[in-house]
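Worksheet: one structure, shown below.
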Amino acid sequence: MMIFYVIFVAFSDINKFSLNFSNFNLYYIPLIVFLIFVFLIILGIRQHILFKKISINIPIKDSLLIFFSGLSMVVTPAGSGGVIKSYFLKKKYGYAITKTFPIIFIEKFHDLLAITTIITFFSLFNTIDILSLIVIVSILLVVAFSIIRSKKLFHLATKLLSHIPKLGKLTPRFNESYESSYLLTSKNITITCWIISIFAWFIQTIVIYLIFTAFGLNFDIAFTTIVTLSSILLGSLSFLPAGIGFTELSFVGFMIESGVELSVATSVIVMIRLLGIWFATVIGFITTKYFLSKQSLKK
């Protein structure tokens, strides 16, 4: 991953990139970091609500601790490394992994649903053509939701997955997790988590706008939101760890089409990723270390 960023920055002209980075207004950093924490805490509360839906009754403090620990595995294909949260729930509270790991995918579903909703809203105020992306993602989300809600479709999907190397061994666990998946997609919990997710991701749109502003770029929030979140969606569809590569290149493509210089576009997306994915990952590793140290002290 580091090799990608080295090549990515070098291709955009490392001297101009360094100059752009040095011009970043550090005055905005405290507010940006604060809003990122608020964003993460809201997502942590969403996780706690999902826990309660499948009768995982733990203190909210521990729930948030587990959520932040899961951030250490954000840089995995489709965020699947978040299964570490299920491991911690098993280790500390004895909950079966098959009962809890569907939450990881439900959280991802709600993130994509919220992002798509926000992009659709802001597209009403901007002329960037992302209709095809919205339609494709919406269809995929509807299909995924339908599979989870239909026992017949769910078992058919797991049967197909059983033919894929490395996933075949997990098929029995998928089948055992159907009840949790079904409960986590009930009408009330879906609407509740959708609203919470939209609120959380709206805060993220403000973070993105502030990063653009800190670079001295005069774009409205509709533009900054559509360009960045559309790039994140495309990265998610790639199923690469954190969408590395697809997200950055999509963002740069959108920016160049809008008349922004390559080196400037590169500087902005690298900063967004540093204050997003990588910042969250560092928090996750620190929290995981703390969690594991607490566990070892109890033994």
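A note on labels: chains of the structure tokens are A, B, ... as shown, every chain counts residues from 1, and ligands are counted from 1 in their shown order.
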* To do: Write out as JSON, numbers by chain which residues come within 10 Å of A:Phe251 when counting only C-alpha atoms, dropping same-chain ones fewer than 5 positions away.
  => {"A": [226, 227, 228, 229, 230, 231, 232, 234, 235, 245, 246, 256, 265, 266, 268, 269]}
What does the file look like for those residues with N, CA, C and O atoms, as a short mmCIF file (atom, residue, chain, number, x, y, z; two decimals), in the first residue's frame?
```cif
data_model
loop_
_atom_site.label_atom_id
_atom_site.label_comp_id
_atom_site.auth_asym_id
_atom_site.auth_seq_id
_atom_site.Cartn_x
_atom_site.Cartn_y
_atom_site.Cartn_z
N ILE A 226 -19.96 15.10 -3.39
CA ILE A 226 -20.19 14.17 -4.51
C ILE A 226 -18.88 13.57 -5.00
O ILE A 226 -18.78 12.34 -5.19
N VAL A 227 -17.87 14.40 -5.20
CA VAL A 227 -16.59 13.92 -5.72
C VAL A 227 -15.95 12.92 -4.76
O VAL A 227 -15.49 11.85 -5.18
N THR A 228 -15.92 13.24 -3.49
CA THR A 228 -15.24 12.37 -2.51
C THR A 228 -16.03 11.10 -2.20
O THR A 228 -15.48 9.99 -2.23
N LEU A 229 -17.31 11.23 -1.90
CA LEU A 229 -18.09 10.05 -1.54
C LEU A 229 -18.33 9.13 -2.74
O LEU A 229 -18.40 7.91 -2.57
N SER A 230 -18.42 9.69 -3.94
CA SER A 230 -18.54 8.85 -5.14
C SER A 230 -17.27 8.02 -5.31
O SER A 230 -17.32 6.84 -5.69
N SER A 231 -16.12 8.63 -5.03
CA SER A 231 -14.84 7.93 -5.13
C SER A 231 -14.76 6.80 -4.08
O SER A 231 -14.26 5.72 -4.37
N ILE A 232 -15.28 7.08 -2.89
CA ILE A 232 -15.31 6.06 -1.83
C ILE A 232 -16.22 4.90 -2.24
O ILE A 232 -15.89 3.73 -2.01
N LEU A 234 -16.91 3.91 -5.33
CA LEU A 234 -16.20 3.15 -6.37
C LEU A 234 -15.12 2.28 -5.75
O LEU A 234 -14.90 1.14 -6.17
N GLY A 235 -14.44 2.82 -4.74
CA GLY A 235 -13.42 2.03 -4.04
C GLY A 235 -14.03 0.84 -3.32
O GLY A 235 -13.46 -0.26 -3.32
N GLY A 245 -6.40 2.62 -4.21
CA GLY A 245 -6.16 2.70 -5.65
C GLY A 245 -7.38 3.20 -6.39
O GLY A 245 -7.34 4.27 -7.00
N PHE A 246 -8.48 2.48 -6.30
CA PHE A 246 -9.71 2.86 -6.99
C PHE A 246 -10.24 4.19 -6.46
O PHE A 246 -10.65 5.06 -7.23
N ILE A 256 -9.77 16.39 -12.00
CA ILE A 256 -9.16 16.86 -13.25
C ILE A 256 -10.25 17.28 -14.23
O ILE A 256 -10.12 18.30 -14.92
N ALA A 265 -5.09 17.83 -6.73
CA ALA A 265 -6.05 16.75 -6.49
C ALA A 265 -5.41 15.64 -5.66
O ALA A 265 -6.03 15.10 -4.73
N THR A 266 -4.16 15.32 -5.98
CA THR A 266 -3.43 14.27 -5.25
C THR A 266 -3.24 14.67 -3.78
O THR A 266 -3.43 13.86 -2.87
N VAL A 268 -5.07 16.69 -1.98
CA VAL A 268 -6.34 16.67 -1.26
C VAL A 268 -6.74 15.26 -0.87
O VAL A 268 -7.09 14.99 0.29
N ILE A 269 -6.68 14.32 -1.82
CA ILE A 269 -7.13 12.95 -1.52
C ILE A 269 -6.19 12.25 -0.53
O ILE A 269 -6.63 11.48 0.32
#
```
* To do: Enumerate, as an MDAnalysis selection string, the complete set of residues in stretch 177-248 of chain A that a backbone-based DSSP assignment places in alpha helix (DSSP H).
  => chainID A and resid 178:183 187:214 221:238 246:248
Can you tell me which residues surround A:Glu107 at a distance of at most 9 Å, considering only C-alpha atoms, apart from same-chain residues fewer than 2 positions away, and format the answer as a compact mmCIF listing (two decimals) with N, CA and C atoms, in the first residue's frame?
```txt
# COMPACT_ATOMS: atom_id res chain seq x y z
N LEU A 43 -20.96 6.24 14.97
CA LEU A 43 -20.95 4.89 14.39
C LEU A 43 -20.82 3.84 15.49
N ARG A 46 -24.18 3.37 16.90
CA ARG A 46 -24.96 2.53 15.97
C ARG A 46 -24.64 1.05 16.20
N GLN A 47 -23.38 0.74 16.39
CA GLN A 47 -22.98 -0.64 16.66
C GLN A 47 -23.63 -1.14 17.95
N LEU A 50 -27.11 -2.15 17.35
CA LEU A 50 -27.15 -3.43 16.66
C LEU A 50 -26.85 -4.58 17.62
N PRO A 102 -22.21 -11.09 11.62
CA PRO A 102 -23.04 -10.43 10.62
C PRO A 102 -23.12 -8.91 10.81
N ILE A 103 -22.88 -8.45 12.04
CA ILE A 103 -22.93 -7.01 12.32
C ILE A 103 -21.94 -6.25 11.44
N ILE A 104 -20.79 -6.86 11.17
CA ILE A 104 -19.75 -6.22 10.35
C ILE A 104 -20.30 -5.86 8.98
N PHE A 105 -21.03 -6.79 8.38
CA PHE A 105 -21.57 -6.58 7.04
C PHE A 105 -22.79 -5.66 7.07
N PHE A 109 -23.23 -2.24 5.06
CA PHE A 109 -24.45 -1.99 4.29
C PHE A 109 -24.98 -0.59 4.60
N HIS A 110 -25.06 -0.25 5.88
CA HIS A 110 -25.60 1.05 6.27
C HIS A 110 -24.69 2.21 5.86
N ASP A 111 -23.40 1.98 5.88
CA ASP A 111 -22.47 3.02 5.41
C ASP A 111 -22.71 3.32 3.93
N LEU A 112 -22.80 2.26 3.14
CA LEU A 112 -23.02 2.43 1.70
C LEU A 112 -24.40 3.04 1.42
N CYS A 193 -30.97 2.75 12.02
CA CYS A 193 -29.55 2.77 11.66
C CYS A 193 -29.31 3.60 10.40
```
* **All residues 8 Å or closer to stretch 121-123 of chain A, only C-alpha atoms, same chain fewer than 4 positions away omitted, as a list in words** =>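 Selected residues are Thr117, Thr127, Ile128, Ile130, Ala222, Phe223, Thr225 and Ile226 of chain A.
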Proximity check stretch 175-242 of chain A to stretch 270-281 of chain A, 10 Å, nearest pairs one decimal Å, only C-alpha atoms, as JSON lines:
```
{"residue": "A:Gln204", "atom": "CA", "partner": "A:Gly276", "partner_atom": "CA", "distance": 9.2}
{"residue": "A:Val207", "atom": "CA", "partner": "A:Ile272", "partner_atom": "CA", "distance": 8.7}
{"residue": "A:Ile208", "atom": "CA", "partner": "A:Ile272", "partner_atom": "CA", "distance": 6.9}
{"residue": "A:Ile211", "atom": "CA", "partner": "A:Ile272", "partner_atom": "CA", "distance": 7.1}
{"residue": "A:Phe212", "atom": "CA", "partner": "A:Ile272", "partner_atom": "CA", "distance": 9.0}
{"residue": "A:Phe215", "atom": "CA", "partner": "A:Met271", "partner_atom": "CA", "distance": 9.8}
{"residue": "A:Thr228", "atom": "CA", "partner": "A:Ile272", "partner_atom": "CA", "distance": 8.9}
{"residue": "A:Ala242", "atom": "CA", "partner": "A:Ile277", "partner_atom": "CA", "distance": 7.5}
```
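If you measure from each of A:Val282, A:Leu233, A:Ile221, A:Ile191 to A:Thr247 using only C-alpha atoms, the closest one turns out to be A:Leu233.
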* Pick from A:Tyr27, A:Tyr290, A:Phe219, A:Phe39 nearest to A:Val260, counting only C-alpha atoms ->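 Checking each of A:Tyr27, A:Tyr290, A:Phe219, A:Phe39 against A:Val260, counting only C-alpha atoms, the winner is A:Phe219.
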* **12 Å contact set for A:Leu141, only C-alpha atoms, chain neighbours under 2 positions out, as number ranges by chain** => A: 105-106, 108-117, 134-139, 143-148, 237
Please produce an output containing N, CA and C atoms for each residue in the selection, written as a PDB file, in the first residue's frame.
```pdb
ATOM      1  N   PHE A 105     -21.026  -6.793   8.379  1.00  0.00           N
ATOM      2  CA  PHE A 105     -21.570  -6.582   7.039  1.00  0.00           C
ATOM      3  C   PHE A 105     -22.785  -5.658   7.067  1.00  0.00           C
ATOM      4  N   ILE A 106     -23.555  -5.710   8.151  1.00  0.00           N
ATOM      5  CA  ILE A 106     -24.707  -4.811   8.285  1.00  0.00           C
ATOM      6  C   ILE A 106     -24.225  -3.372   8.427  1.00  0.00           C
ATOM      7  N   LYS A 108     -21.447  -2.176   7.181  1.00  0.00           N
ATOM      8  CA  LYS A 108     -20.981  -1.796   5.848  1.00  0.00           C
ATOM      9  C   LYS A 108     -22.168  -1.450   4.957  1.00  0.00           C
ATOM     10  N   PHE A 109     -23.226  -2.239   5.062  1.00  0.00           N
ATOM     11  CA  PHE A 109     -24.446  -1.986   4.291  1.00  0.00           C
ATOM     12  C   PHE A 109     -24.982  -0.586   4.599  1.00  0.00           C
ATOM     13  N   HIS A 110     -25.065  -0.251   5.883  1.00  0.00           N
ATOM     14  CA  HIS A 110     -25.604   1.054   6.269  1.00  0.00           C
ATOM     15  C   HIS A 110     -24.691   2.207   5.859  1.00  0.00           C
ATOM     16  N   ASP A 111     -23.399   1.983   5.885  1.00  0.00           N
ATOM     17  CA  ASP A 111     -22.471   3.018   5.414  1.00  0.00           C
ATOM     18  C   ASP A 111     -22.712   3.317   3.935  1.00  0.00           C
ATOM     19  N   LEU A 112     -22.801   2.264   3.141  1.00  0.00           N
ATOM     20  CA  LEU A 112     -23.023   2.433   1.697  1.00  0.00           C
ATOM     21  C   LEU A 112     -24.399   3.040   1.419  1.00  0.00           C
ATOM     22  N   LEU A 113     -25.400   2.626   2.198  1.00  0.00           N
ATOM     23  CA  LEU A 113     -26.744   3.171   2.025  1.00  0.00           C
ATOM     24  C   LEU A 113     -26.775   4.660   2.353  1.00  0.00           C
ATOM     25  N   ALA A 114     -26.115   5.041   3.437  1.00  0.00           N
ATOM     26  CA  ALA A 114     -26.073   6.451   3.842  1.00  0.00           C
ATOM     27  C   ALA A 114     -25.310   7.290   2.824  1.00  0.00           C
ATOM     28  N   ILE A 115     -24.174   6.773   2.362  1.00  0.00           N
ATOM     29  CA  ILE A 115     -23.367   7.493   1.365  1.00  0.00           C
ATOM     30  C   ILE A 115     -24.177   7.701   0.087  1.00  0.00           C
ATOM     31  N   THR A 116     -24.860   6.652  -0.358  1.00  0.00           N
ATOM     32  CA  THR A 116     -25.678   6.751  -1.574  1.00  0.00           C
ATOM     33  C   THR A 116     -26.801   7.768  -1.394  1.00  0.00           C
ATOM     34  N   THR A 117     -27.430   7.763  -0.225  1.00  0.00           N
ATOM     35  CA  THR A 117     -28.513   8.714   0.069  1.00  0.00           C
ATOM     36  C   THR A 117     -27.999  10.150   0.019  1.00  0.00           C
ATOM     37  N   ILE A 134     -25.102   5.751  -8.807  1.00  0.00           N
ATOM     38  CA  ILE A 134     -26.175   5.682  -7.814  1.00  0.00           C
ATOM     39  C   ILE A 134     -27.096   4.500  -8.099  1.00  0.00           C
ATOM     40  N   VAL A 135     -27.435   4.319  -9.377  1.00  0.00           N
ATOM     41  CA  VAL A 135     -28.338   3.227  -9.769  1.00  0.00           C
ATOM     42  C   VAL A 135     -27.696   1.863  -9.491  1.00  0.00           C
ATOM     43  N   ILE A 136     -26.416   1.697  -9.878  1.00  0.00           N
ATOM     44  CA  ILE A 136     -25.714   0.424  -9.685  1.00  0.00           C
ATOM     45  C   ILE A 136     -25.619   0.060  -8.206  1.00  0.00           C
ATOM     46  N   VAL A 137     -25.182   1.017  -7.389  1.00  0.00           N
ATOM     47  CA  VAL A 137     -25.034   0.759  -5.951  1.00  0.00           C
ATOM     48  C   VAL A 137     -26.395   0.480  -5.307  1.00  0.00           C
ATOM     49  N   SER A 138     -27.409   1.234  -5.721  1.00  0.00           N
ATOM     50  CA  SER A 138     -28.759   1.040  -5.167  1.00  0.00           C
ATOM     51  C   SER A 138     -29.269  -0.365  -5.467  1.00  0.00           C
ATOM     52  N   ILE A 139     -29.051  -0.829  -6.696  1.00  0.00           N
ATOM     53  CA  ILE A 139     -29.481  -2.184  -7.073  1.00  0.00           C
ATOM     54  C   ILE A 139     -28.750  -3.226  -6.238  1.00  0.00           C
ATOM     55  N   VAL A 143     -30.465  -5.895  -3.663  1.00  0.00           N
ATOM     56  CA  VAL A 143     -30.220  -7.336  -3.826  1.00  0.00           C
ATOM     57  C   VAL A 143     -29.670  -7.934  -2.531  1.00  0.00           C
ATOM     58  N   ALA A 144     -28.670  -7.242  -1.933  1.00  0.00           N
ATOM     59  CA  ALA A 144     -28.062  -7.728  -0.686  1.00  0.00           C
ATOM     60  C   ALA A 144     -29.102  -7.803   0.430  1.00  0.00           C
ATOM     61  N   PHE A 145     -29.939  -6.782   0.531  1.00  0.00           N
ATOM     62  CA  PHE A 145     -30.972  -6.743   1.568  1.00  0.00           C
ATOM     63  C   PHE A 145     -31.990  -7.868   1.352  1.00  0.00           C
ATOM     64  N   SER A 146     -32.361  -8.092   0.094  1.00  0.00           N
ATOM     65  CA  SER A 146     -33.338  -9.139  -0.245  1.00  0.00           C
ATOM     66  C   SER A 146     -32.800 -10.524   0.097  1.00  0.00           C
ATOM     67  N   ILE A 147     -31.508 -10.731  -0.159  1.00  0.00           N
ATOM     68  CA  ILE A 147     -30.884 -12.027   0.145  1.00  0.00           C
ATOM     69  C   ILE A 147     -30.918 -12.302   1.645  1.00  0.00           C
ATOM     70  N   ILE A 148     -30.627 -11.267   2.434  1.00  0.00           N
ATOM     71  CA  ILE A 148     -30.609 -11.434   3.887  1.00  0.00           C
ATOM     72  C   ILE A 148     -32.017 -11.698   4.439  1.00  0.00           C
ATOM     73  N   LEU A 237     -16.711  -0.794  -4.207  1.00  0.00           N
ATOM     74  CA  LEU A 237     -17.117  -1.785  -5.208  1.00  0.00           C
ATOM     75  C   LEU A 237     -15.946  -2.632  -5.692  1.00  0.00           C
TER      76      LEU A 237
END
```
* To do: Quick one: pull the distance between atom CA of A:Ser18 and atom CA of A:Leu249, Å, one decimal.
  => 18.9 Å
* Asked: Which of these residues is nearest to A:Ser180, using only C-alpha atoms: A:Ala200, A:Ile56, A:Ile206, A:Leu133?
  -> A:Ile56
